[in-house]
$ cat upload_9.txt   # compact mmCIF, C-alpha atoms
# COMPACT_ATOMS: atom_id res chain seq x y z
CA MET A 1 30.68 -16.13 2.19
CA GLN A 2 27.90 -15.48 -0.30
CA ASN A 3 25.52 -17.96 1.26
CA THR A 4 24.69 -19.26 4.72
CA ALA A 5 22.96 -22.27 6.27
CA HIS A 6 21.22 -20.12 8.89
CA LEU A 7 18.00 -18.22 8.28
CA LEU A 8 15.56 -16.14 10.31
CA MET A 9 11.84 -16.50 9.58
CA ILE A 10 8.96 -14.72 11.31
CA ARG A 11 5.81 -16.82 11.64
CA PRO A 12 2.84 -14.60 10.76
CA VAL A 13 0.00 -14.20 13.25
CA ARG A 14 -2.28 -11.67 11.54
CA PHE A 15 -1.04 -11.67 7.96
CA SER A 16 -3.15 -9.53 5.63
CA TYR A 17 -3.10 -7.27 2.59
CA ASN A 18 -1.29 -4.06 3.58
CA GLU A 19 -2.83 -0.92 2.10
CA GLN A 20 0.16 1.18 3.21
CA THR A 21 2.58 -0.79 1.04
CA ALA A 22 0.20 -1.30 -1.89
CA VAL A 23 0.65 2.33 -3.00
CA ASN A 24 3.98 1.43 -4.62
CA ASN A 25 4.04 -2.39 -4.71
CA ALA A 26 2.49 -3.43 -8.01
CA PHE A 27 2.87 -7.12 -7.10
CA GLN A 28 0.18 -6.93 -4.40
CA GLN A 29 -3.41 -8.00 -5.08
CA ASN A 30 -6.19 -7.61 -2.53
CA ASP A 31 -7.70 -11.04 -1.89
CA THR A 32 -11.30 -11.04 -0.68
CA ASN A 33 -10.87 -14.44 0.96
CA ASN A 34 -11.57 -14.22 4.70
CA ASP A 35 -9.09 -16.98 5.53
CA ILE A 36 -5.97 -15.14 4.38
CA ALA A 37 -4.24 -15.23 7.78
CA SER A 38 -4.81 -18.95 8.34
CA MET A 39 -3.88 -19.83 4.74
CA ALA A 40 -0.66 -17.80 5.03
CA ALA A 41 0.21 -19.57 8.28
CA LEU A 42 -0.24 -22.97 6.59
CA GLU A 43 1.94 -21.90 3.66
CA PHE A 44 4.58 -20.63 6.08
CA ASP A 45 4.63 -23.90 8.04
CA ALA A 46 4.95 -26.00 4.89
CA PHE A 47 7.78 -23.78 3.60
CA GLU A 48 9.62 -23.94 6.92
CA LYS A 49 9.20 -27.74 7.05
CA LYS A 50 10.63 -28.10 3.54
CA LEU A 51 13.69 -26.01 4.46
CA MET A 52 14.27 -28.04 7.64
CA GLU A 53 13.87 -31.35 5.77
CA ASN A 54 16.60 -30.18 3.39
CA GLY A 55 19.03 -29.47 6.21
CA VAL A 56 18.70 -25.68 6.49
CA ASP A 57 18.91 -24.24 10.00
CA VAL A 58 15.89 -21.97 10.48
CA THR A 59 15.38 -19.80 13.54
CA ILE A 60 11.63 -19.25 13.83
CA VAL A 61 10.23 -16.31 15.78
CA GLU A 62 6.48 -16.05 16.32
CA ASP A 63 5.05 -12.64 15.54
CA THR A 64 2.94 -10.86 18.16
CA PRO A 65 -0.75 -9.99 17.56
CA GLU A 66 -0.09 -6.42 18.66
CA PRO A 67 1.05 -4.13 17.28
CA HIS A 68 -0.52 -5.44 14.08
CA THR A 69 2.24 -5.97 11.53
CA PRO A 70 0.63 -7.48 8.40
CA ASP A 71 3.99 -7.88 6.58
CA SER A 72 6.03 -9.34 9.44
CA VAL A 73 6.57 -12.49 7.36
CA PHE A 74 9.13 -10.45 5.32
CA PRO A 75 11.91 -9.74 7.89
CA ASN A 76 14.68 -9.21 5.33
CA ASN A 77 13.44 -5.65 4.81
CA TRP A 78 14.11 -4.32 8.30
CA ILE A 79 17.26 -6.16 9.37
CA SER A 80 20.40 -7.74 7.92
CA PHE A 81 23.10 -9.82 9.60
CA HIS A 82 26.80 -9.79 8.72
CA GLU A 83 29.84 -12.02 9.29
CA ASP A 84 31.69 -9.52 11.50
CA GLY A 85 28.85 -9.59 14.05
CA THR A 86 27.14 -6.47 12.72
CA ILE A 87 23.39 -6.08 12.38
CA VAL A 88 21.87 -3.26 10.34
CA LEU A 89 18.41 -1.80 11.01
CA TYR A 90 16.74 -0.12 8.05
CA PRO A 91 14.35 2.80 7.41
CA MET A 92 10.96 1.53 6.22
CA PHE A 93 8.48 3.26 3.91
CA ALA A 94 5.23 2.09 5.54
CA GLU A 95 4.61 3.23 9.10
CA ASN A 96 3.04 -0.08 10.10
CA ARG A 97 6.13 -1.92 8.85
CA ARG A 98 8.37 0.07 11.21
CA ALA A 99 6.63 -1.73 14.06
CA GLU A 100 8.15 -5.02 12.81
CA ARG A 101 11.39 -4.08 14.58
CA LYS A 102 10.33 -5.98 17.69
CA LEU A 103 12.73 -6.53 20.57
CA HIS A 104 11.82 -10.19 21.05
CA VAL A 105 13.18 -10.98 17.58
CA LEU A 106 16.64 -9.71 18.47
CA GLN A 107 16.48 -11.40 21.88
CA THR A 108 15.83 -14.73 20.16
CA ILE A 109 18.73 -14.20 17.76
CA GLU A 110 21.08 -13.33 20.63
CA LYS A 111 20.41 -16.65 22.35
CA LYS A 112 22.20 -18.41 19.51
CA PHE A 113 24.39 -15.83 17.77
CA THR A 114 26.72 -13.02 18.79
CA ILE A 115 25.82 -9.43 17.91
CA GLN A 116 28.90 -7.24 18.22
CA GLN A 117 27.67 -3.96 16.80
CA LYS A 118 24.50 -2.34 15.51
CA ILE A 119 24.22 0.11 12.61
CA ASP A 120 20.92 1.94 12.92
CA LEU A 121 19.78 3.71 9.74
CA THR A 122 16.21 4.24 10.91
CA ASP A 123 16.69 7.99 11.47
CA TRP A 124 16.36 8.37 7.69
CA GLU A 125 12.62 7.76 8.14
CA ALA A 126 12.30 11.30 9.54
CA THR A 127 13.34 12.73 6.16
CA ASN A 128 11.43 10.14 4.06
CA GLN A 129 14.63 8.51 2.80
CA PHE A 130 14.07 4.76 2.84
CA LEU A 131 16.24 1.68 2.39
CA GLU A 132 14.43 -1.59 2.95
CA GLY A 133 17.28 -3.96 3.67
CA THR A 134 18.00 -6.84 1.34
CA GLY A 135 14.80 -6.03 -0.49
CA SER A 136 16.16 -2.66 -1.57
CA MET A 137 19.67 -4.06 -2.02
CA VAL A 138 20.84 -7.37 -3.44
CA LEU A 139 24.24 -8.01 -1.92
CA ASP A 140 27.30 -9.64 -3.43
CA ARG A 141 28.74 -10.32 0.01
CA VAL A 142 32.09 -11.60 -1.22
CA LYS A 143 32.85 -8.62 -3.48
CA LYS A 144 30.97 -6.22 -1.14
CA ILE A 145 28.79 -4.85 -3.94
CA ALA A 146 25.21 -3.71 -3.27
CA TYR A 147 22.99 -3.68 -6.36
CA ALA A 148 20.02 -1.35 -5.90
CA CYS A 149 17.23 -0.14 -8.16
CA LEU A 150 16.10 3.29 -6.99
CA SER A 151 12.43 3.61 -6.03
CA PRO A 152 10.22 5.19 -3.35
CA ARG A 153 11.55 2.42 -1.08
CA THR A 154 15.24 2.88 -2.00
CA ALA A 155 16.80 6.34 -1.67
CA ILE A 156 20.30 7.17 -2.86
CA GLN A 157 21.09 9.13 0.34
CA ALA A 158 20.34 6.15 2.56
CA LEU A 159 22.21 3.86 0.17
CA ASN A 160 25.31 6.03 0.40
CA CYS A 161 25.04 6.04 4.17
CA PHE A 162 24.91 2.22 4.18
CA ALA A 163 27.98 2.14 1.93
CA GLU A 164 29.90 4.54 4.15
CA LYS A 165 29.20 2.51 7.29
CA THR A 166 29.75 -0.97 5.82
CA GLY A 167 32.36 -0.57 3.08
CA TYR A 168 30.06 -1.76 0.30
CA THR A 169 30.23 -0.33 -3.23
CA ILE A 170 26.85 0.77 -4.53
CA VAL A 171 25.69 -0.08 -8.06
CA ALA A 172 22.50 2.00 -8.35
CA PHE A 173 20.16 2.01 -11.32
CA HIS A 174 16.53 2.48 -12.31
CA ALA A 175 14.30 -0.50 -13.11
CA ASN A 176 10.69 -0.35 -14.26
CA ASP A 177 7.99 -2.95 -14.76
CA ARG A 178 6.37 -3.41 -18.16
CA LYS A 179 3.89 -0.59 -17.35
CA GLY A 180 6.78 1.79 -16.76
CA LEU A 181 6.37 1.93 -12.98
CA PRO A 182 9.45 1.75 -10.73
CA ILE A 183 10.07 -1.74 -9.37
CA TYR A 184 9.65 -1.37 -5.62
CA HIS A 185 12.42 -3.75 -4.51
CA THR A 186 15.59 -4.89 -6.25
CA ASN A 187 15.19 -8.45 -5.00
CA VAL A 188 12.13 -9.05 -7.17
CA MET A 189 14.13 -8.39 -10.36
CA MET A 190 17.49 -9.96 -9.49
CA CYS A 191 19.16 -12.62 -7.37
CA VAL A 192 22.92 -12.80 -6.76
CA ALA A 193 24.30 -16.26 -6.05
CA ASP A 194 27.91 -17.40 -5.67
CA GLN A 195 28.53 -18.10 -9.37
CA TYR A 196 25.57 -16.58 -11.22
CA VAL A 197 23.04 -13.75 -11.24
CA VAL A 198 19.38 -14.17 -12.18
CA ILE A 199 18.14 -10.81 -13.48
CA CYS A 200 15.40 -9.18 -15.54
CA MET A 201 17.69 -7.04 -17.69
CA ASP A 202 14.74 -5.76 -19.74
CA SER A 203 13.55 -3.80 -16.70
CA ILE A 204 16.67 -1.57 -16.77
CA THR A 205 15.71 0.96 -19.42
CA ASP A 206 18.73 3.28 -19.34
CA THR A 207 21.43 1.96 -21.67
CA HIS A 208 24.35 3.22 -19.58
CA GLU A 209 22.89 1.83 -16.36
CA LYS A 210 22.26 -1.54 -18.02
CA GLU A 211 25.87 -1.62 -19.25
CA LEU A 212 27.11 -0.76 -15.76
CA VAL A 213 25.13 -3.61 -14.19
CA GLU A 214 26.20 -6.12 -16.87
CA GLN A 215 29.86 -5.12 -16.67
CA THR A 216 29.88 -5.26 -12.87
CA ILE A 217 28.39 -8.74 -12.85
CA GLN A 218 30.81 -9.93 -15.51
CA GLN A 219 33.78 -8.48 -13.61
CA THR A 220 32.79 -10.59 -10.59
CA GLY A 221 33.00 -13.69 -12.79
CA LYS A 222 29.33 -14.65 -12.46
CA GLN A 223 27.12 -16.01 -15.24
CA ILE A 224 24.09 -13.87 -16.12
CA ILE A 225 20.86 -15.89 -16.33
CA PRO A 226 18.21 -13.56 -17.79
CA ILE A 227 14.50 -13.75 -16.97
CA SER A 228 11.58 -12.08 -18.75
CA PHE A 229 9.06 -9.56 -17.44
CA ASN A 230 6.49 -12.35 -17.24
CA GLN A 231 8.84 -14.51 -15.16
CA MET A 232 9.67 -11.58 -12.90
CA GLU A 233 5.94 -11.02 -12.35
CA HIS A 234 5.78 -14.63 -11.15
CA PHE A 235 8.62 -13.89 -8.67
CA ALA A 236 11.35 -15.71 -10.61
CA GLY A 237 13.76 -12.95 -9.57
CA ASN A 238 12.93 -13.45 -5.88
CA MET A 239 15.23 -16.38 -5.16
CA LEU A 240 17.88 -17.03 -2.53
CA GLN A 241 20.86 -19.37 -2.62
CA VAL A 242 21.62 -20.97 0.74
CA LYS A 243 23.63 -23.92 2.09
CA ASN A 244 22.44 -26.83 4.17
CA ASN A 245 24.14 -28.58 7.08
CA LYS A 246 26.10 -30.77 4.64
CA GLY A 247 27.45 -27.77 2.73
CA GLU A 248 25.20 -28.51 -0.25
CA LYS A 249 24.03 -25.40 -2.11
CA LEU A 250 20.29 -24.92 -2.54
CA LEU A 251 18.32 -22.33 -4.50
CA ILE A 252 15.11 -21.39 -2.70
CA MET A 253 12.09 -20.05 -4.59
CA SER A 254 8.30 -20.29 -4.68
CA THR A 255 6.45 -22.90 -6.71
CA GLN A 256 4.97 -20.11 -8.82
CA ALA A 257 8.49 -18.89 -9.66
CA PHE A 258 9.71 -22.41 -10.42
CA GLU A 259 6.80 -23.14 -12.77
CA SER A 260 7.51 -19.94 -14.72
CA LEU A 261 11.04 -21.08 -15.62
CA SER A 262 11.90 -22.81 -18.86
CA ASP A 263 13.52 -26.25 -18.91
CA GLU A 264 16.71 -24.60 -20.16
CA GLN A 265 16.77 -22.12 -17.27
CA ILE A 266 16.17 -24.90 -14.74
CA GLN A 267 19.06 -26.89 -16.22
CA MET A 268 21.33 -23.85 -16.03
CA LEU A 269 20.45 -23.25 -12.39
CA GLU A 270 20.78 -26.92 -11.45
CA GLN A 271 24.37 -26.90 -12.70
CA TYR A 272 25.13 -24.79 -9.64
CA ASN A 273 22.67 -25.94 -6.97
CA ARG A 274 19.63 -28.04 -6.22
CA ILE A 275 16.29 -26.18 -6.43
CA ILE A 276 13.81 -26.16 -3.54
CA HIS A 277 10.38 -24.59 -4.02
CA SER A 278 7.22 -24.27 -1.96
CA ASN A 279 3.69 -23.03 -2.63
CA ILE A 280 3.24 -19.62 -0.97
CA THR A 281 0.58 -18.21 -3.31
CA THR A 282 -1.50 -16.48 -0.62
CA ILE A 283 1.55 -14.72 0.78
CA GLU A 284 2.73 -13.72 -2.69
CA LYS A 285 -0.64 -12.42 -3.83
CA ASN A 286 -1.53 -10.34 -0.77
CA GLY A 287 1.97 -9.43 0.41
CA GLY A 288 3.57 -8.72 -2.95
CA GLY A 289 6.71 -10.60 -1.89
CA SER A 290 7.91 -14.17 -2.28
CA ALA A 291 10.33 -16.76 -0.93
CA ARG A 292 13.45 -14.60 -0.75
CA CYS A 293 11.55 -11.85 1.09
CA MET A 294 10.61 -14.34 3.82
CA LEU A 295 14.24 -15.25 4.56
CA ALA A 296 16.68 -13.10 6.49
CA GLU A 297 20.14 -14.65 6.16
CA ILE A 298 22.10 -14.94 9.41
CA PHE A 299 25.86 -14.62 8.94
CA LEU A 300 26.59 -13.77 12.59
CA PRO A 301 29.15 -15.81 14.54
CA PHE A 302 27.71 -18.44 16.84
CA LYS A 303 27.55 -17.67 20.54
CA ILE A 304 30.34 -19.49 22.39
CA THR A 305 28.94 -21.50 25.28
CA VAL A 306 31.23 -22.62 28.09
$ encode --input "upload_9.txt" --output "structure tokens"
Amino acid sequence: MQNTAHLLMIRPVRFSYNEQTAVNNAFQQNDTNNDIASMAALEFDAFEKKLMENGVDVTIVEDTPEPHTPDSVFPNNWISFHEDGTIVLYPMFAENRRAERKLHVLQTIEKKFTIQQKIDLTDWEATNQFLEGTGSMVLDRVKKIAYACLSPRTAIQALNCFAEKTGYTIVAFHANDRKGLPIYHTNVMMCVADQYVVICMDSITDTHEKELVEQTIQQTGKQIIPISFNQMEHFAGNMLQVKNNKGEKLLIMSTQAFESLSDEQIQMLEQYNRIIHSNITTIEKNGGGSARCMLAEIFLPFKITV
């Protein structure tokens, strides 16, 4: 399956601008507002409510005040869940983000779902080789293709290790923002859904790499829906297609991302799924991530209760 009706979200307790991640996340802006944490919590609650109202099953785990993990609202970077019961733990660039791998999160997941095996890639942190989950990789789960733009957060060695342990094929490339800086996470410049791919093709500067990405997408039979640099900067690449409890497909994004799209792009996307968006401006501005980053997809089998 490419999409799921089950998501993990971490409710932030002490959300704030993270100086450790800002060194290579050009999307972050330091907000001087003193109410960042409370504003982020309100945005989170409204987003969660909107997902629930649209029939999406969301497992909410409350973050802990200590250790302080300012980016805990973005769980998709440190863990991924797979249909065969596998979870993968990932090596994180920022030291304070490594502390997001909190035991109580997994304990909550295990109350509802079955974890059959764990692939732990976190040893790569010791050699400064990072791979930040489904931020670093955008997965075509049906074709088992992992698209990844290389950056300080996404190392080819760790990518190859992921591929070896999971059977995914890696499509690696370089993508830069309009200032020529490496884009820190692949999931801000592309989104893979079941029948289409939203992507900022202009960010892939190498001709051969761009051809490889285009050809791979076309070979999977998906329509390419291009977005501009400006739309990417408004998080229009940071979308996630999910299902609800009726099997209806939904495309989740932020309000900022939605408002950056043209009428034509919205019509193209709505041919495939209904669009759901929520205002998460405080989280986007200070965290440098958007709606997709806040959602860790759960593909694990349900726990059988007798």
$ atom_distance --input "upload_9.txt" --atom1 "atom CA of A:Phe173" --atom2 "atom CA of A:Thr220"
17.9 Å
$ residues_around --input "upload_9.txt" --residues "stretch 157-170 of chain A" --least-positions-apart "6" --cutoff "9 Å" --atoms "only C-alpha atoms" --output "ChimeraX atom specification"
/A:88,91,119,121,124,129-131,137,139,141,143-148
$ axis_aligned_box --input "upload_9.txt" --around "stretch 279-289 of chain A" --padding-each-side "3 Å" --output "lines of an AutoDock Vina configuration file"
center_x = 2.6
center_y = -15.9
center_z = -1.5
size_x = 14.2
size_y = 20.3
size_z = 10.6
$ atom_distance --input "upload_9.txt" --atom1 "atom CA of A:Lys285" --atom2 "atom CA of A:Phe229"
17.0 Å
$ closest_residue --input "upload_9.txt" --among "A:Pro75, A:Gly180, A:Pro12, A:Gly135" --to "A:Leu106" --atoms "all atoms listed in the file"
A:Pro75
$ atom_distance --input "upload_9.txt" --atom1 "atom CA of A:Ser136" --atom2 "atom CA of A:Arg101"
16.9 Å
$ closest_residue --input "upload_9.txt" --among "A:Arg98, A:Arg11, A:Ala37, A:Val192" --to "A:Asp63" --atoms "only C-alpha atoms"
A:Arg11
$ closest_residue --input "upload_9.txt" --among "A:Glu62, A:Glu259, A:Glu53, A:Glu297" --to "A:Leu7" --atoms "all atoms listed in the file"
A:Glu297
$ residues_near_point --input "upload_9.txt" --point "(24.7, -13.5, 2.4)" --cutoff "8 Å" --atoms "all atoms listed in the file" --output "list in words"
Met1, Gln2, Asn3, Thr4, His82, Leu139, Asp140, Arg141, Glu297, Ile298 and Phe299 of chain A
$ closest_residue --input "upload_9.txt" --among "A:Ser290, A:Thr64, A:Asn273, A:Gln117" --to "A:Asn244" --atoms "all atoms listed in the file"
A:Asn273
$ closest_residue --input "upload_9.txt" --among "A:Glu270, A:Asp120, A:Asp35, A:Asp194" --to "A:Leu240" --atoms "all atoms listed in the file"
A:Asp194
$ closest_residue --input "upload_9.txt" --among "A:Phe74, A:Tyr196, A:Phe235, A:Phe47" --to "A:Leu261" --atoms "only C-alpha atoms"
A:Phe235
$ residues_around --input "upload_9.txt" --residues "A:Thr205" --least-positions-apart "4" --cutoff "12 Å" --atoms "all atoms listed in the file" --output "ChimeraX atom specification"
/A:149,173-178,180-183,200-201,209-211,213
$ residues_around --input "upload_9.txt" --residues "A:Lys303" --least-positions-apart "2" --cutoff "12 Å" --atoms "all atoms listed in the file" --output "MDAnalysis selection string"
chainID A and resid 85 109:116 300:301 305:306
$ build_atoms --input "upload_9.txt" --residues "stretch 37-48 of chain A" --atoms "all heavy atoms" --output "PDB file, in the coordinates of the input"
ATOM      1  N   ALA A  37      -5.211 -15.043   6.689  1.00  0.00           N
ATOM      2  CA  ALA A  37      -4.240 -15.230   7.780  1.00  0.00           C
ATOM      3  C   ALA A  37      -3.955 -16.709   8.028  1.00  0.00           C
ATOM      4  O   ALA A  37      -2.794 -17.110   8.168  1.00  0.00           O
ATOM      5  CB  ALA A  37      -4.739 -14.556   9.055  1.00  0.00           C
ATOM      6  N   SER A  38      -5.014 -17.528   8.070  1.00  0.00           N
ATOM      7  CA  SER A  38      -4.810 -18.950   8.340  1.00  0.00           C
ATOM      8  C   SER A  38      -4.153 -19.647   7.154  1.00  0.00           C
ATOM      9  O   SER A  38      -3.296 -20.528   7.326  1.00  0.00           O
ATOM     10  CB  SER A  38      -6.138 -19.626   8.685  1.00  0.00           C
ATOM     11  OG  SER A  38      -7.074 -19.473   7.642  1.00  0.00           O
ATOM     12  N   MET A  39      -4.505 -19.242   5.933  1.00  0.00           N
ATOM     13  CA  MET A  39      -3.880 -19.830   4.740  1.00  0.00           C
ATOM     14  C   MET A  39      -2.397 -19.466   4.683  1.00  0.00           C
ATOM     15  O   MET A  39      -1.551 -20.309   4.352  1.00  0.00           O
ATOM     16  CB  MET A  39      -4.592 -19.334   3.487  1.00  0.00           C
ATOM     17  CG  MET A  39      -5.993 -19.900   3.327  1.00  0.00           C
ATOM     18  SD  MET A  39      -6.953 -19.055   2.037  1.00  0.00           S
ATOM     19  CE  MET A  39      -6.033 -19.504   0.575  1.00  0.00           C
ATOM     20  N   ALA A  40      -2.069 -18.216   5.023  1.00  0.00           N
ATOM     21  CA  ALA A  40      -0.660 -17.800   5.030  1.00  0.00           C
ATOM     22  C   ALA A  40       0.130 -18.570   6.072  1.00  0.00           C
ATOM     23  O   ALA A  40       1.284 -18.948   5.834  1.00  0.00           O
ATOM     24  CB  ALA A  40      -0.567 -16.293   5.296  1.00  0.00           C
ATOM     25  N   ALA A  41      -0.472 -18.818   7.233  1.00  0.00           N
ATOM     26  CA  ALA A  41       0.210 -19.570   8.280  1.00  0.00           C
ATOM     27  C   ALA A  41       0.499 -21.004   7.825  1.00  0.00           C
ATOM     28  O   ALA A  41       1.578 -21.558   8.097  1.00  0.00           O
ATOM     29  CB  ALA A  41      -0.622 -19.577   9.560  1.00  0.00           C
ATOM     30  N   LEU A  42      -0.451 -21.612   7.113  1.00  0.00           N
ATOM     31  CA  LEU A  42      -0.240 -22.970   6.590  1.00  0.00           C
ATOM     32  C   LEU A  42       0.874 -22.991   5.549  1.00  0.00           C
ATOM     33  O   LEU A  42       1.709 -23.901   5.544  1.00  0.00           O
ATOM     34  CB  LEU A  42      -1.543 -23.508   5.992  1.00  0.00           C
ATOM     35  CG  LEU A  42      -2.662 -23.863   6.981  1.00  0.00           C
ATOM     36  CD1 LEU A  42      -3.945 -24.195   6.229  1.00  0.00           C
ATOM     37  CD2 LEU A  42      -2.245 -25.033   7.869  1.00  0.00           C
ATOM     38  N   GLU A  43       0.875 -21.990   4.669  1.00  0.00           N
ATOM     39  CA  GLU A  43       1.940 -21.900   3.660  1.00  0.00           C
ATOM     40  C   GLU A  43       3.297 -21.719   4.329  1.00  0.00           C
ATOM     41  O   GLU A  43       4.294 -22.331   3.922  1.00  0.00           O
ATOM     42  CB  GLU A  43       1.661 -20.739   2.707  1.00  0.00           C
ATOM     43  CG  GLU A  43       0.493 -20.982   1.771  1.00  0.00           C
ATOM     44  CD  GLU A  43       0.176 -19.792   0.880  1.00  0.00           C
ATOM     45  OE1 GLU A  43       0.838 -18.740   1.024  1.00  0.00           O
ATOM     46  OE2 GLU A  43      -0.728 -19.907   0.043  1.00  0.00           O
ATOM     47  N   PHE A  44       3.333 -20.866   5.347  1.00  0.00           N
ATOM     48  CA  PHE A  44       4.580 -20.630   6.080  1.00  0.00           C
ATOM     49  C   PHE A  44       5.096 -21.934   6.691  1.00  0.00           C
ATOM     50  O   PHE A  44       6.278 -22.269   6.558  1.00  0.00           O
ATOM     51  CB  PHE A  44       4.352 -19.586   7.179  1.00  0.00           C
ATOM     52  CG  PHE A  44       5.570 -19.311   8.011  1.00  0.00           C
ATOM     53  CD1 PHE A  44       6.431 -18.270   7.690  1.00  0.00           C
ATOM     54  CD2 PHE A  44       5.865 -20.092   9.130  1.00  0.00           C
ATOM     55  CE1 PHE A  44       7.561 -18.020   8.460  1.00  0.00           C
ATOM     56  CE2 PHE A  44       6.989 -19.847   9.898  1.00  0.00           C
ATOM     57  CZ  PHE A  44       7.839 -18.800   9.558  1.00  0.00           C
ATOM     58  N   ASP A  45       4.216 -22.664   7.363  1.00  0.00           N
ATOM     59  CA  ASP A  45       4.630 -23.900   8.040  1.00  0.00           C
ATOM     60  C   ASP A  45       5.151 -24.940   7.056  1.00  0.00           C
ATOM     61  O   ASP A  45       6.140 -25.630   7.328  1.00  0.00           O
ATOM     62  CB  ASP A  45       3.466 -24.465   8.852  1.00  0.00           C
ATOM     63  CG  ASP A  45       3.116 -23.606  10.069  1.00  0.00           C
ATOM     64  OD1 ASP A  45       3.955 -22.769  10.475  1.00  0.00           O
ATOM     65  OD2 ASP A  45       2.001 -23.769  10.598  1.00  0.00           O
ATOM     66  N   ALA A  46       4.497 -25.044   5.898  1.00  0.00           N
ATOM     67  CA  ALA A  46       4.950 -26.000   4.890  1.00  0.00           C
ATOM     68  C   ALA A  46       6.300 -25.598   4.310  1.00  0.00           C
ATOM     69  O   ALA A  46       7.165 -26.453   4.052  1.00  0.00           O
ATOM     70  CB  ALA A  46       3.904 -26.110   3.782  1.00  0.00           C
ATOM     71  N   PHE A  47       6.505 -24.306   4.111  1.00  0.00           N
ATOM     72  CA  PHE A  47       7.780 -23.780   3.600  1.00  0.00           C
ATOM     73  C   PHE A  47       8.888 -24.044   4.610  1.00  0.00           C
ATOM     74  O   PHE A  47       9.963 -24.554   4.269  1.00  0.00           O
ATOM     75  CB  PHE A  47       7.606 -22.282   3.330  1.00  0.00           C
ATOM     76  CG  PHE A  47       8.787 -21.617   2.658  1.00  0.00           C
ATOM     77  CD1 PHE A  47       9.731 -22.324   1.929  1.00  0.00           C
ATOM     78  CD2 PHE A  47       8.943 -20.230   2.751  1.00  0.00           C
ATOM     79  CE1 PHE A  47      10.795 -21.690   1.306  1.00  0.00           C
ATOM     80  CE2 PHE A  47      10.005 -19.585   2.144  1.00  0.00           C
ATOM     81  CZ  PHE A  47      10.937 -20.314   1.432  1.00  0.00           C
ATOM     82  N   GLU A  48       8.620 -23.708   5.867  1.00  0.00           N
ATOM     83  CA  GLU A  48       9.620 -23.940   6.920  1.00  0.00           C
ATOM     84  C   GLU A  48       9.978 -25.420   7.013  1.00  0.00           C
ATOM     85  O   GLU A  48      11.158 -25.786   7.097  1.00  0.00           O
ATOM     86  CB  GLU A  48       9.061 -23.466   8.271  1.00  0.00           C
ATOM     87  CG  GLU A  48       9.945 -23.787   9.457  1.00  0.00           C
ATOM     88  CD  GLU A  48       9.158 -24.032  10.733  1.00  0.00           C
ATOM     89  OE1 GLU A  48       8.004 -23.573  10.852  1.00  0.00           O
ATOM     90  OE2 GLU A  48       9.719 -24.704  11.630  1.00  0.00           O
TER      91      GLU A  48
END
